[in-house]
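A.B. asks: My structure file final-v6.txt, compact mmCIF, C-alpha atoms, is below:
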```txt
# COMPACT_ATOMS: atom_id res chain seq x y z
CA MET V 1247 0.00 0.00 0.00
CA ALA V 1248 2.87 2.39 0.72
CA ASP V 1249 3.50 3.02 -2.98
CA ARG V 1250 -0.14 4.12 -3.41
CA GLU V 1251 -0.35 6.52 -0.49
CA LEU V 1252 -2.15 9.81 -0.93
CA ASN V 1253 -0.10 12.79 0.24
CA LYS V 1254 2.40 10.25 1.66
CA LEU V 1255 0.15 9.73 4.71
CA ALA V 1256 -1.63 6.79 6.26
CA ARG V 1257 -3.65 6.15 9.43
CA TYR V 1258 -4.17 3.00 11.44
CA LEU V 1259 -6.56 1.42 13.90
CA LEU V 1260 -4.86 -0.69 16.56
CA HIS V 1261 -7.38 -1.39 19.28
CA ILE V 1262 -10.69 -0.09 20.50
CA GLN V 1263 -9.24 3.03 21.97
CA MET V 1264 -10.59 6.51 21.41
CA PHE V 1265 -8.81 9.86 21.27
CA ASP V 1266 -10.03 13.45 21.42
CA PHE V 1267 -7.85 15.55 19.15
CA LYS V 1268 -7.74 19.26 19.95
CA THR V 1269 -7.62 20.27 16.29
CA LEU V 1270 -10.52 18.07 15.17
CA HIS V 1271 -12.78 18.04 18.22
CA HIS V 1272 -13.92 14.51 17.52
CA LYS V 1273 -12.96 11.00 18.46
CA VAL V 1274 -10.49 9.10 16.33
CA PHE V 1275 -8.43 5.93 16.46
CA PRO V 1276 -4.69 6.18 17.14
CA GLY V 1277 -2.65 6.57 13.99
CA GLY V 1278 -0.28 8.73 12.04
CA ASN V 1279 2.21 9.16 9.25
CA PHE V 1280 4.20 6.42 7.60
CA ASP V 1281 7.86 7.37 8.05
CA ASN V 1282 10.22 5.36 5.87
CA LYS V 1283 13.16 6.64 7.90
CA GLN V 1284 11.84 4.93 11.05
CA ASP V 1285 9.36 2.29 9.92
CA PRO V 1286 10.14 -0.79 7.83
CA SER V 1287 6.41 -1.48 7.45
CA LEU V 1288 2.96 0.01 7.94
CA ALA V 1289 2.45 -2.28 10.93
CA MET V 1290 5.53 -0.78 12.57
CA THR V 1291 4.15 2.68 11.94
CA ALA V 1292 0.94 1.64 13.68
CA ILE V 1293 2.87 0.44 16.73
CA ARG V 1294 5.08 3.54 16.86
CA GLU V 1295 2.23 6.02 16.45
CA THR V 1296 0.08 4.31 19.06
CA PHE V 1297 2.95 4.56 21.53
CA GLU V 1298 3.49 8.23 20.71
CA GLU V 1299 -0.19 9.13 21.02
CA SER V 1300 -1.29 6.94 23.92
CA GLY V 1301 1.81 5.67 25.70
CA LEU V 1302 0.76 2.05 25.05
CA LEU V 1303 3.61 -0.05 23.72
CA LEU V 1304 2.94 -3.12 21.59
CA ALA V 1305 6.32 -4.74 22.17
CA SER V 1306 7.71 -7.63 24.18
CA PRO V 1307 11.00 -8.26 25.98
CA ALA V 1308 13.31 -10.54 24.06
CA SER V 1309 13.55 -12.81 27.12
CA SER V 1310 11.80 -13.30 30.44
CA SER V 1311 14.87 -12.01 32.27
CA ILE V 1312 14.42 -8.50 30.82
CA PRO V 1313 12.38 -6.32 33.20
CA PHE V 1314 9.32 -4.40 32.12
CA LEU V 1315 9.68 -0.68 31.80
CA THR V 1316 8.27 1.55 34.52
CA ASP V 1317 5.61 4.14 33.79
CA ALA V 1318 8.24 6.85 34.13
CA GLU V 1319 10.54 5.12 31.63
CA LEU V 1320 7.70 4.62 29.14
CA ASP V 1321 6.52 8.21 29.48
CA GLY V 1322 10.05 9.55 29.06
CA ALA V 1323 10.70 7.47 25.94
CA ARG V 1324 7.32 8.39 24.50
CA HIS V 1325 8.03 12.10 24.88
CA LYS V 1326 11.47 11.82 23.26
CA ILE V 1327 10.16 9.75 20.35
CA HIS V 1328 7.19 12.07 19.82
CA SER V 1329 9.51 15.10 19.76
CA GLN V 1330 11.93 13.24 17.42
CA LYS V 1331 14.75 13.25 19.95
CA LEU V 1332 14.83 9.45 20.01
CA ASP V 1333 14.35 6.99 17.15
CA PHE V 1334 11.70 4.37 17.89
CA GLN V 1335 13.77 1.50 16.52
CA THR V 1336 16.73 2.63 18.61
CA PHE V 1337 14.53 2.70 21.69
CA LEU V 1338 13.35 -0.88 21.09
CA SER V 1339 16.87 -2.11 20.36
CA GLU V 1340 18.42 -0.47 23.42
CA ARG V 1341 15.72 -1.97 25.65
CA ASN V 1342 15.96 -5.35 23.88
CA PHE V 1343 12.26 -5.31 23.00
CA SER V 1344 10.62 -6.72 19.87
CA PRO V 1345 7.50 -5.17 18.26
CA ASP V 1346 4.42 -7.42 18.40
CA ILE V 1347 3.72 -7.13 14.69
CA SER V 1348 2.11 -10.58 14.50
CA SER V 1349 -0.65 -9.42 16.86
CA LEU V 1350 -1.94 -6.85 14.35
CA LEU V 1351 -4.96 -7.99 12.32
CA PRO V 1352 -5.49 -6.15 9.00
CA PHE V 1353 -9.03 -4.77 9.05
CA THR V 1354 -9.78 -3.04 5.72
CA GLN V 1355 -8.20 -0.14 3.86
CA TRP V 1356 -9.92 3.17 3.13
CA ILE V 1357 -9.39 5.95 0.60
CA THR V 1358 -10.65 9.47 1.28
CA PRO V 1359 -13.42 10.59 -1.14
CA VAL V 1360 -12.26 12.60 -4.16
CA ASN V 1361 -14.07 15.79 -3.10
CA VAL V 1362 -11.89 16.14 0.01
CA LEU V 1363 -8.84 18.38 -0.40
CA ARG V 1364 -6.48 16.35 1.78
CA ARG V 1365 -6.76 12.67 0.97
CA PHE V 1366 -5.41 9.52 2.66
CA HIS V 1367 -4.99 5.85 1.88
CA THR V 1368 -5.57 4.24 5.26
CA GLN V 1369 -4.68 0.77 6.51
CA PHE V 1370 -6.62 -0.21 9.65
CA PHE V 1371 -5.58 -2.89 12.12
CA VAL V 1372 -7.21 -4.49 15.17
CA THR V 1373 -5.44 -6.19 18.04
CA PHE V 1374 -6.53 -7.84 21.28
CA LEU V 1375 -4.42 -6.85 24.22
CA PRO V 1376 -3.97 -10.23 25.99
CA ALA V 1377 -3.11 -11.70 22.59
CA ALA V 1378 -0.15 -9.34 22.42
CA PRO V 1379 2.33 -9.96 25.27
CA SER V 1380 3.07 -6.27 25.30
CA SER V 1381 4.88 -3.99 27.68
CA GLY V 1382 2.68 -1.66 29.65
CA PHE V 1383 -0.84 -2.94 29.11
CA THR V 1384 -1.03 -6.67 29.66
CA SER V 1385 -2.67 -8.58 32.48
CA GLY V 1386 -1.79 -11.18 35.07
CA SER V 1387 1.77 -10.88 36.31
CA LYS V 1388 2.57 -8.21 33.76
CA GLN V 1389 2.32 -4.47 34.09
CA ASP V 1390 -1.04 -2.77 33.54
CA ARG V 1391 -1.20 0.59 31.81
CA VAL V 1392 -4.05 2.73 30.53
CA PRO V 1393 -3.93 5.14 27.57
CA LYS V 1394 -2.88 8.70 28.34
CA HIS V 1395 -3.08 11.94 26.37
CA ASP V 1396 0.16 13.41 25.07
CA GLY V 1397 0.03 16.65 27.01
CA GLY V 1398 -2.11 18.38 24.41
CA GLN V 1399 0.34 18.22 21.49
CA GLU V 1400 -2.20 16.25 19.45
CA VAL V 1401 -4.35 14.37 21.96
CA ILE V 1402 -6.30 15.95 24.81
CA SER V 1403 -7.88 12.76 26.15
CA ALA V 1404 -7.57 9.01 25.61
CA ARG V 1405 -9.55 6.01 26.83
CA PHE V 1406 -10.57 2.45 26.11
CA VAL V 1407 -14.22 2.05 25.12
CA HIS V 1408 -16.36 -0.88 23.97
CA PRO V 1409 -17.51 -0.59 20.32
CA GLU V 1410 -21.20 -0.62 21.27
CA ASP V 1411 -20.66 2.04 23.94
CA ALA V 1412 -18.86 4.24 21.43
CA LEU V 1413 -21.73 3.88 18.96
CA ASN V 1414 -24.27 4.72 21.65
CA GLU V 1415 -22.34 7.86 22.56
CA PHE V 1416 -22.38 8.85 18.89
CA ARG V 1417 -26.14 8.29 18.63
CA GLU V 1418 -26.59 10.44 21.74
CA ARG V 1419 -24.41 13.09 20.04
CA LYS V 1420 -21.87 13.07 22.84
CA ILE V 1421 -19.08 12.31 20.35
CA THR V 1422 -18.71 12.32 16.59
CA PHE V 1423 -17.14 9.95 14.06
CA MET V 1424 -16.28 9.81 10.42
CA PRO V 1425 -17.89 7.02 8.32
CA PRO V 1426 -14.88 4.62 8.40
CA GLN V 1427 -14.84 4.64 12.21
CA ALA V 1428 -18.58 4.04 12.41
CA TYR V 1429 -18.31 1.23 9.85
CA LEU V 1430 -15.58 -0.61 11.73
CA LEU V 1431 -17.15 -0.10 15.15
CA GLN V 1432 -20.48 -1.40 13.84
CA THR V 1433 -18.75 -4.47 12.41
CA LEU V 1434 -16.92 -5.17 15.68
CA SER V 1435 -19.98 -4.52 17.86
CA GLU V 1436 -21.87 -7.25 16.02
CA ILE V 1437 -19.18 -9.73 17.06
CA LEU V 1438 -17.88 -8.48 20.43
CA GLN V 1439 -21.10 -8.69 22.37
CA GLY V 1440 -21.04 -8.54 26.15
CA ARG V 1441 -18.73 -6.74 28.53
CA VAL V 1442 -15.88 -9.27 28.22
CA ASN V 1443 -14.98 -10.68 24.83
CA THR V 1444 -14.52 -14.43 24.56
CA ALA V 1445 -12.00 -16.61 22.77
CA ALA V 1446 -14.71 -17.52 20.26
CA GLN V 1447 -15.41 -13.85 19.55
CA ARG V 1448 -11.74 -13.13 19.05
CA GLU V 1449 -11.46 -16.06 16.69
CA ARG V 1450 -14.32 -14.63 14.62
CA VAL V 1451 -12.51 -11.29 14.34
CA GLU V 1452 -9.36 -13.14 13.28
CA VAL V 1453 -11.33 -15.09 10.66
CA LEU V 1454 -12.75 -11.82 9.35
CA SER V 1455 -9.27 -10.33 9.14
CA ARG V 1456 -7.86 -13.32 7.26
CA GLY V 1457 -10.73 -13.35 4.77
CA LEU V 1458 -11.90 -11.00 2.04
CA PHE V 1459 -13.11 -8.46 4.59
CA GLY V 1460 -9.62 -7.83 5.95
CA ARG V 1461 -8.35 -7.10 2.42
CA MET V 1462 -11.20 -4.84 1.32
CA VAL V 1463 -10.24 -1.43 -0.06
CA LEU V 1464 -13.15 0.99 0.37
CA ASN V 1465 -13.29 4.10 -1.78
CA PRO V 1466 -16.51 5.99 -0.85
CA LEU V 1467 -18.39 7.71 -3.66
CA ARG V 1468 -21.33 10.07 -3.25
CA LEU V 1469 -24.58 8.90 -4.83
CA GLY V 1470 -26.76 11.77 -6.01
CA SER V 1471 -27.28 14.99 -4.09
CA PRO V 1472 -28.24 15.56 -0.44
CA ASP V 1473 -31.97 15.29 0.27
CA ALA V 1474 -34.20 17.95 1.84
CA GLU V 1475 -32.97 16.96 5.32
CA GLY V 1476 -29.34 17.32 4.31
CA LYS V 1477 -28.68 13.58 4.23
CA SER V 1478 -26.23 12.15 1.70
CA ILE V 1479 -25.48 8.63 0.48
CA LEU V 1480 -21.94 7.30 0.21
CA THR V 1481 -21.56 4.00 -1.63
CA TYR V 1482 -18.80 1.43 -1.18
CA GLU V 1483 -17.41 -1.27 -3.43
CA GLY V 1484 -19.87 -4.18 -3.59
CA ASP V 1485 -22.95 -1.96 -3.61
CA GLU V 1486 -25.32 -2.62 -6.50
CA THR V 1487 -24.08 0.66 -8.00
CA ARG V 1488 -20.43 -0.33 -7.50
CA GLY V 1489 -20.07 -3.78 -9.06
CA GLY V 1490 -22.31 -5.70 -6.67
CA SER V 1491 -25.31 -7.87 -7.54
CA LYS V 1492 -28.71 -6.26 -8.06
CA GLY V 1493 -30.24 -5.43 -4.69
CA ARG V 1494 -26.89 -5.55 -2.90
CA LEU V 1495 -26.47 -2.61 -0.52
CA HIS V 1496 -23.09 -1.46 0.76
CA ARG V 1497 -23.45 2.20 1.67
CA VAL V 1498 -23.97 4.72 4.44
CA ILE V 1499 -26.45 7.54 4.86
CA ILE V 1500 -24.81 10.49 6.59
CA LYS V 1501 -25.94 13.86 7.86
CA ALA V 1502 -23.43 16.58 8.56
CA GLY V 1503 -24.05 19.68 10.60
CA LYS V 1504 -22.22 22.94 10.99
CA GLY V 1505 -18.58 22.73 10.01
CA GLY V 1506 -19.12 19.40 8.28
CA ILE V 1507 -19.26 17.48 11.58
CA THR V 1508 -21.25 14.27 11.12
CA SER V 1509 -24.30 13.96 13.37
CA GLU V 1510 -25.88 10.84 11.85
CA ILE V 1511 -24.37 7.77 10.15
CA THR V 1512 -26.53 4.81 9.14
CA LEU V 1513 -24.82 1.75 7.66
CA GLU V 1514 -26.79 -0.19 5.04
CA ARG V 1515 -25.07 -3.55 4.44
CA ASN V 1516 -27.39 -6.42 3.57
CA PHE V 1517 -24.84 -9.22 3.22
CA ASP V 1518 -22.78 -11.39 5.56
CA VAL V 1519 -19.21 -10.06 5.73
CA PHE V 1520 -17.95 -13.56 6.58
CA THR V 1521 -19.47 -15.48 3.67
CA GLU V 1522 -21.15 -13.18 1.15
CA ILE V 1523 -18.55 -10.66 0.00
CA GLU V 1524 -18.47 -10.66 -3.79
CA PRO V 1525 -14.78 -10.68 -4.80
CA GLN V 1526 -15.38 -9.33 -8.30
CA ALA V 1527 -16.66 -6.05 -6.87
CA PHE V 1528 -13.29 -5.48 -5.22
CA ASN V 1529 -11.18 -6.44 -8.23
CA LEU V 1530 -12.02 -3.22 -10.03
CA PRO V 1531 -9.13 -0.73 -10.44
CA THR V 1532 -8.93 1.65 -7.49
CA LYS V 1533 -8.89 5.28 -8.61
CA LEU V 1534 -6.75 7.45 -6.36
```
Transcribe the structure of this file into structure tokens.
C.D. replies:
Amino acid sequence: MADRELNKLARYLLHIQMFDFKTLHHKVFPGGNFDNKQDPSLAMTAIRETFEESGLLLASPASSSIPFLTDAELDGARHKIHSQKLDFQTFLSERNFSPDISSLLPFTQWITPVNVLRRFHTQFFVTFLPAAPSSGFTSGSKQDRVPKHDGGQEVISARFVHPEDALNEFRERKITFMPPQAYLLQTLSEILQGRVNTAAQRERVEVLSRGLFGRMVLNPLRLGSPDAEGKSILTYEGDETRGGSKGRLHRVIIKAGKGGITSEITLERNFDVFTEIEPQAFNLPTKL
């Protein structure tokens, strides 16, 4: 994907963790720029940016004899890396830590609509914390750590939140999302039901990641003009208007208020993402 980036930028979802960015005033997933000077892969970018923005480190000691880092050590390294005074790879090497790249589950790619001035090609990932034996936020005998803001440089608040809770807050207009976030949260909420996710639920997310869903590239296109209520339709690949079978719906209805902030997002997807994705709809050339 790196050779097809828009504006040389990409964003990533790592776990169900929400941020309040002071410049955007809405909730987003952790993510940031692909930096070929620091990152050998997009997955490494995802791990580095999540550490910079939340203080959560997806990395494991090379051996059990290596001690976990203290909160003070993690916070100090995070600040230096964020301010570009310390290279992330150098930090991992000096501490003899390895990034938990294998714990990242690819979970769709998205391209910003053509009518937006600043466009991105985004690779999203999902990970489950206990599945990643990571420094700073594991359980049991390992150190626990919660996400923290970065002192207001980019993030003014950070927290873990269940997908269904996040969607409810959006419906109550306590927070706002963009369509990709709502799409992914809706997909996860249909699987991760209950307060504590189970091994079976995690396996279903892994199956989804390994299948056609995890490889989908979604390039939203507006269908028609906004209606009298100001609602617009964005279609995705696989919709009946985008290479899908007749009657196939893969779209969202959105309503944006003042400043373009979305106040309503309704997903219309009438097929099973595990078994009924039509591959031919996603084999069409992607127009950047």
A.B. asks: List every protein, DNA or RNA residue that has at least one atom no more than 8 Å from (-20.1, 14.1, -2.4) in the file's coordinates, counting all atoms listed in the file, and write the result as a list in words.
C.D. replies: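 Final list of nearby residues, as requested, is Pro1359, Asn1361, Leu1467, Arg1468, Leu1469, Gly1470, Ser1471, Ser1478 and Leu1480 of chain V.
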A.B. asks: Using all atoms listed in the file, which of the listed residues (V:Ala1289, V:Leu1350, V:Leu1495, V:Ile1357) sits closest to Glu1522 in chain V?
C.D. replies: V:Leu1495
A.B. asks: If we count all atoms listed in the file and set the cut-off at 10 Å, which residues sit around range 1423-1435 of chain V, ignoring sequence neighbours fewer than 3 positions away in its own chain? Please answer as a ChimeraX atom specification.
C.D. replies: /V:1259,1262,1272-1275,1353-1358,1368,1370,1372,1408-1413,1416,1419,1438-1440,1447,1450-1451,1454,1464,1466,1480,1497-1500,1507-1515,1519
A.B. asks: Of the candidates V:Ala1323, V:Ile1312, V:Met1290, V:Val1360, which shows the shortest atom-to-atom distance to Pro1345 in chain V, using all atoms listed in the file?
C.D. replies: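 Once distances to Pro1345 in chain V are computed over all atoms listed in the file, the minimum belongs to V:Met1290.
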A.B. asks: Between CA of Ser1310 in chain V and CA of Ile1293 in chain V, what is the distance in Å, rounded to a tenth?
C.D. replies: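 Distance between the two atoms: 21.4 Å.
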A.B. asks: Report the distance between CA of Ile1437 in chain V and CA of Arg1461 in chain V in Å, rounded to one decimal place.
C.D. replies: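 Spanning CA of Ile1437 in chain V to CA of Arg1461 in chain V is a straight-line distance of 18.4 Å.
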A.B. asks: When you count all atoms listed in the file, which of these residues is closest to Leu1351 in chain V: V:Leu1363, V:Ala1502, V:Ala1308, V:Leu1375?
C.D. replies: V:Leu1375
A.B. asks: For range 1478-1495 of chain V, supply N, CA, C and O atoms and format the output as a tab-separated table (two decimals), in the coordinates of the input.
C.D. replies:
```
chain	number	residue	atom	x	y	z
V	1478	SER	N	-26.92	12.58	2.91
V	1478	SER	CA	-26.23	12.15	1.70
V	1478	SER	C	-25.97	10.65	1.76
V	1478	SER	O	-25.91	10.06	2.84
V	1479	ILE	N	-25.80	10.06	0.58
V	1479	ILE	CA	-25.48	8.63	0.48
V	1479	ILE	C	-24.06	8.47	-0.04
V	1479	ILE	O	-23.70	9.07	-1.06
V	1480	LEU	N	-23.26	7.70	0.67
V	1480	LEU	CA	-21.94	7.30	0.21
V	1480	LEU	C	-21.98	5.81	-0.07
V	1480	LEU	O	-22.37	5.02	0.80
V	1481	THR	N	-21.58	5.42	-1.28
V	1481	THR	CA	-21.56	4.00	-1.63
V	1481	THR	C	-20.15	3.45	-1.52
V	1481	THR	O	-19.16	4.16	-1.71
V	1482	TYR	N	-20.07	2.14	-1.25
V	1482	TYR	CA	-18.80	1.43	-1.18
V	1482	TYR	C	-18.76	0.35	-2.25
V	1482	TYR	O	-19.80	-0.08	-2.77
V	1483	GLU	N	-17.56	-0.13	-2.53
V	1483	GLU	CA	-17.41	-1.27	-3.43
V	1483	GLU	C	-18.32	-2.40	-2.97
V	1483	GLU	O	-18.43	-2.66	-1.77
V	1484	GLY	N	-18.96	-3.08	-3.92
V	1484	GLY	CA	-19.87	-4.18	-3.59
V	1484	GLY	C	-21.32	-3.76	-3.53
V	1484	GLY	O	-22.21	-4.61	-3.51
V	1485	ASP	N	-21.58	-2.45	-3.49
V	1485	ASP	CA	-22.95	-1.96	-3.61
V	1485	ASP	C	-23.46	-2.27	-5.02
V	1485	ASP	O	-22.66	-2.44	-5.95
V	1486	GLU	N	-24.78	-2.31	-5.18
V	1486	GLU	CA	-25.32	-2.62	-6.50
V	1486	GLU	C	-24.92	-1.58	-7.54
V	1486	GLU	O	-24.92	-1.86	-8.74
V	1487	THR	N	-24.55	-0.39	-7.09
V	1487	THR	CA	-24.08	0.66	-8.00
V	1487	THR	C	-22.57	0.64	-8.20
V	1487	THR	O	-22.04	1.43	-8.99
V	1488	ARG	N	-21.90	-0.29	-7.49
V	1488	ARG	CA	-20.43	-0.33	-7.50
V	1488	ARG	C	-19.92	-1.75	-7.74
V	1488	ARG	O	-18.99	-2.21	-7.10
V	1489	GLY	N	-20.55	-2.45	-8.69
V	1489	GLY	CA	-20.07	-3.78	-9.06
V	1489	GLY	C	-20.73	-4.93	-8.35
V	1489	GLY	O	-20.42	-6.09	-8.62
V	1490	GLY	N	-21.62	-4.65	-7.40
V	1490	GLY	CA	-22.31	-5.70	-6.67
V	1490	GLY	C	-23.56	-6.19	-7.39
V	1490	GLY	O	-24.02	-5.57	-8.35
V	1491	SER	N	-24.10	-7.30	-6.95
V	1491	SER	CA	-25.31	-7.87	-7.54
V	1491	SER	C	-26.49	-6.93	-7.34
V	1491	SER	O	-26.49	-6.09	-6.42
V	1492	LYS	N	-27.50	-7.08	-8.16
V	1492	LYS	CA	-28.71	-6.26	-8.06
V	1492	LYS	C	-29.33	-6.46	-6.67
V	1492	LYS	O	-29.48	-7.58	-6.21
V	1493	GLY	N	-29.66	-5.37	-6.03
V	1493	GLY	CA	-30.24	-5.43	-4.69
V	1493	GLY	C	-29.22	-5.42	-3.57
V	1493	GLY	O	-29.58	-5.28	-2.40
V	1494	ARG	N	-27.94	-5.54	-3.92
V	1494	ARG	CA	-26.89	-5.55	-2.90
V	1494	ARG	C	-26.64	-4.12	-2.42
V	1494	ARG	O	-26.38	-3.22	-3.21
V	1495	LEU	N	-26.71	-3.92	-1.10
V	1495	LEU	CA	-26.47	-2.61	-0.52
V	1495	LEU	C	-25.18	-2.62	0.30
V	1495	LEU	O	-24.98	-3.48	1.14
```
